[in-house]
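Enquirer: Input: one structure, supplied below.
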Amino acid sequence: MVWPVPPEQPRIRYLRSISSKDDIGASADRSFASMILGEEKKPAAERLQKPFEVHADRVGRIFVADTGHGKLVVFDVANKKYELWGEGGKGALKQPLGVTSDSEGRIYVTDGIQQRVVIYDREGNFVRAAGRKGELERPVGIVVNERLGRIYVADVKAHHIAVFDMQGNFLSAIGGRGTQPGQFNFPTSLAIDRVGNLYVVDAMNFRVQILSPDGNPLKSIGQMGTGPGNFSRPKGIAVDTDGHIYVVDAAFNNFQIFDAEGRLLLYVGEIGQGPGQFWLPAGAYIDAQDRIYVADQYNYRVQMFQYLGDRARQGGSAASDESSDVQEAESSTQ
């Protein structure tokens with residue numbers, strides 16, 4: 001499956017969906033009776049219940065903030081392992097809503113009920129938490145800018161972006177409630193590009209705001225409406241290696257792709273349960289190989305797509321150019 005359909009040149013290809021440990025070959029032990037009776041229903045702990053946000057780290061593990069589980073679901077595809085993080089102890093989770101990682105393998109998870117960011121090491125051990133009493137009201141989206149040593153958290157209830165240092169100390173807040181550039185009305189998801197610009201889903205202003213790494217407003221795209229290029233219930237956001245902006249809309253049951261100037265290029269998806277169809281999708285993420293991950297909430301799965309950019313068409317990959325991208329990002333932020 002590709003979008004757009006032939007004879008136009010394909011830009012997006014459907015890859016697969018993941019909903020349970022069986023989908024990565026990490027099959028659970030089944031009782032003899034269940035095998036004889038042919039029971040196929042998977043135990044709730046072994047499958048996604050309500051995936052809200054998704055992220056993939058540098059080694060290909062897929063992390064899903066699952067509000068149904070109240071835990072972080074980890075699909076280690078390469079090693080065929082399935083885990084639930086945040087089940088107890090200091091790193092216990094109640095309502096994971098956002099997830100990201102850094103180059104050291106640390107995993108950052110926002111918890112809307114506990115009003116904090118929980119930070120784990122690469123093995124899932126609790127490292128620290130960010131967000132003391134009064135610093136976060138309802139954290140949702142999260143990204144990390146390691147170049148600046150900053151953690152950005154979209155606080156949907158406070159209508160701003162909270163900024164922490166890498167040790168979890170609160171530094172400042174970007175924005176406040178309003179409709180002007182740099183103000184927000186229920187900001188939810190965040191993305192960051194390779195030069196450190198922030199992309200904010202300003203949900204109830206029905207737009208995406210693009211901010212500089214320091215939080216200065218640069219551009220806004222979208223408006224309320226029901227036509228192509230408009231937003232109705234914008235949720236997730238991601239940016240590919242060519243700078244295209246992907247916005248998931250739960251009401252449209254699709255994701256729309258814009259160029260850097262905010263012009264609509266393509267949309268993918270419709271209501272349904274088949275490949276490339278969605279039912280109230282939420283979060284999105286794009287990895288260094290331009291694989292697109294979308295949390296398909298009420299289909300209880302993560303759908304994966306491939307952006308067929310210039311590098312892919314020429315037989316290369318984003319991964320092969322990662323070092324040059326990093327160098328360019330560093331020089332651009334100096």
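Residues are named by chain letter and number: chains run A, B, ... in the order of the structure tokens, numbers start at 1 in each chain, and ligands are numbered from 1 in the order shown.
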Set the distance at 10 Å and use only C-alpha atoms: which residues neighbour A:Val294 once local chain neighbours fewer than 5 positions away are removed? I'd like the list as a VMD selection string.
Expert: chain A and resid 17 51 to 55 236 to 238 248 254 to 255 278 281 to 286 301 to 305
Enquirer: Using only C-alpha atoms, which protein or nucleic acid residues come within 8 Å of stretch 112-119 of chain A? Drop anything in the same chain fewer than 5 positions from it, and give the result as a list of chain:residue names.
Expert: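 The contact residues come out as A:Gly91, A:Leu93, A:Lys94, A:Gln95, A:Pro96, A:Leu97, A:Arg106, A:Ile107, A:Phe126, A:Val127, A:Arg128, A:Ala129, A:Ala130, A:Gly131, A:Arg132, A:Lys133, A:Leu136, A:Glu137, A:Arg138, A:Pro139, A:Val140.
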Enquirer: Mind the document's chain letters and residue numbers, and return as a ChimeraX atom specification the residues of stretch 118-300 of chain A that DSSP labels strand (DSSP E).
Expert: /A:118-120,126-130,139-145,150-155,160-165,170-174,187-192,198-202,207-211,217-221,234-239,245-249,254-258,264-268,281-286,291-296
Enquirer: When you look at stretch 197-208 of chain A with a cut-off of 7 Å (counting only C-alpha atoms), what residues show up, excluding the ones that are within fewer than 3 positions of it in the same chain? I need them as number ranges by chain.
Expert: A: 179, 184-193, 211-213, 220-224, 231-235, 237
Enquirer: Neighbouring residues of A:Arg150 were defined as those with any atom within 6 Å, considering only C-alpha atoms; residues of the same chain fewer than 6 positions away were excluded. Please report them as an MDAnalysis selection string.
Expert: chainID A and resid 144 164:166
Enquirer: Distance atom CA of A:Gly105-atom CA of A:Glu146, one decimal place?
Expert: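 The value is 12.3 Å.
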Enquirer: I need the residue nearest A:Val74 from this list: A:Glu46, A:Asp155, A:Glu8, A:Asp240. Use only C-alpha atoms for the distance.
Expert: A:Glu46
Enquirer: Record the distance separating atom CA of A:Arg47 and atom CA of A:Val109, expressed in Å with one decimal.
Expert: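 About the pair atom CA of A:Arg47 and atom CA of A:Val109: they are 19.4 Å apart.
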Enquirer: From the DSSP assignment of the backbone, select every residue of stretch 105-330 of chain A that is helix (DSSP H, G or I), and format the answer as a short mmCIF file (atom, residue, chain, number, x, y, z; two decimals) with N, CA and C atoms, in the first residue's frame.
Expert:
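The result, stored in part.cif:
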data_model
loop_
_atom_site.label_atom_id
_atom_site.label_comp_id
_atom_site.auth_asym_id
_atom_site.auth_seq_id
_atom_site.Cartn_x
_atom_site.Cartn_y
_atom_site.Cartn_z
N ALA A 203 -3.75 22.59 20.34
CA ALA A 203 -4.94 21.84 19.96
C ALA A 203 -6.19 22.68 19.81
N MET A 204 -6.52 23.49 20.81
CA MET A 204 -7.77 24.23 20.74
C MET A 204 -7.64 25.59 20.06
N ASN A 205 -6.45 25.91 19.60
CA ASN A 205 -6.29 26.98 18.62
C ASN A 205 -6.25 26.42 17.20
N GLN A 297 -5.43 4.54 18.50
CA GLN A 297 -5.98 4.25 19.83
C GLN A 297 -7.02 3.13 19.86
N TYR A 298 -8.12 3.32 19.15
CA TYR A 298 -9.23 2.38 19.30
C TYR A 298 -9.16 1.20 18.35
N ASN A 299 -8.10 1.12 17.57
CA ASN A 299 -7.74 -0.13 16.90
C ASN A 299 -6.68 -0.87 17.70
N ASP A 310 13.89 11.52 -0.81
CA ASP A 310 14.94 11.52 -1.81
C ASP A 310 16.01 10.47 -1.51
N ARG A 311 16.36 10.30 -0.24
CA ARG A 311 17.40 9.33 0.12
C ARG A 311 16.94 7.91 -0.18
N ALA A 312 15.68 7.61 0.14
CA ALA A 312 15.16 6.27 -0.12
C ALA A 312 15.10 5.99 -1.62
N ARG A 313 14.67 6.99 -2.39
CA ARG A 313 14.56 6.78 -3.84
C ARG A 313 15.92 6.61 -4.50
N ALA A 319 19.72 7.03 8.01
CA ALA A 319 20.73 6.59 8.97
C ALA A 319 22.13 6.82 8.44
N SER A 320 22.33 6.62 7.14
CA SER A 320 23.66 6.77 6.57
C SER A 320 24.15 8.21 6.62
N ASP A 321 23.18 9.14 6.72
CA ASP A 321 23.54 10.55 6.75
C ASP A 321 23.40 11.15 8.14
N GLU A 322 23.23 10.30 9.14
CA GLU A 322 22.94 10.81 10.48
C GLU A 322 24.08 11.67 11.00
N SER A 323 25.32 11.25 10.80
CA SER A 323 26.43 12.03 11.33
C SER A 323 26.51 13.40 10.70
N SER A 324 26.26 13.50 9.38
CA SER A 324 26.30 14.80 8.74
C SER A 324 25.15 15.67 9.20
N ASP A 325 23.98 15.06 9.48
CA ASP A 325 22.85 15.81 10.00
C ASP A 325 23.17 16.40 11.36
N VAL A 326 23.82 15.62 12.21
CA VAL A 326 24.17 16.10 13.54
C VAL A 326 25.13 17.27 13.44
N GLN A 327 26.13 17.15 12.55
CA GLN A 327 27.08 18.23 12.39
C GLN A 327 26.39 19.50 11.89
N GLU A 328 25.46 19.33 10.96
CA GLU A 328 24.74 20.49 10.44
C GLU A 328 23.89 21.12 11.52
N ALA A 329 23.24 20.27 12.36
CA ALA A 329 22.40 20.79 13.42
C ALA A 329 23.24 21.60 14.41
N GLU A 330 24.42 21.08 14.74
CA GLU A 330 25.24 21.78 15.71
C GLU A 330 25.71 23.12 15.18
#
Enquirer: For atom CA of A:Asp259 and atom CA of A:Ile245, quote the distance in Å rounded to one decimal.
Expert: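 These atoms are spaced 6.2 Å apart.
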Enquirer: Near A:Ser20, within 10 Å and counting only C-alpha atoms, which residues show up once chain neighbours fewer than 4 positions away are dropped, as an NGL selection string?
Expert: :A and (24-27 or 42-49 or 73 or 75 or 82 or 300-302)
Enquirer: So, with only C-alpha atoms as the atoms that count, which of A:Leu218, A:Ala260, A:Met1, A:Val99 lies closest to A:Tyr120?
Expert: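 Nearest candidate to A:Tyr120 out of A:Leu218, A:Ala260, A:Met1, A:Val99: A:Val99.
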Enquirer: Would you mind telling me which residue in A:Ile210, A:Leu264, A:Ala251, A:Leu280 lies nearest to A:Gly229 when using only C-alpha atoms?
Expert: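 Using only C-alpha atoms, A:Gly229 sits closest to A:Leu264.
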Enquirer: Select, from A:Leu72, A:Val77, A:Gly269, A:Gln209, the residue with the minimum atom-to-atom distance to A:Gly60, counting only C-alpha atoms.
Expert: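 With only C-alpha atoms as the atom set, the closest residue is A:Val77.
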Enquirer: I'd like to know which of A:Val143, A:Pro181, A:Gly243, A:Gly176 is closest to A:Lys157, using only C-alpha atoms.
Expert: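 Selected residue with least distance to A:Lys157: A:Gly176.
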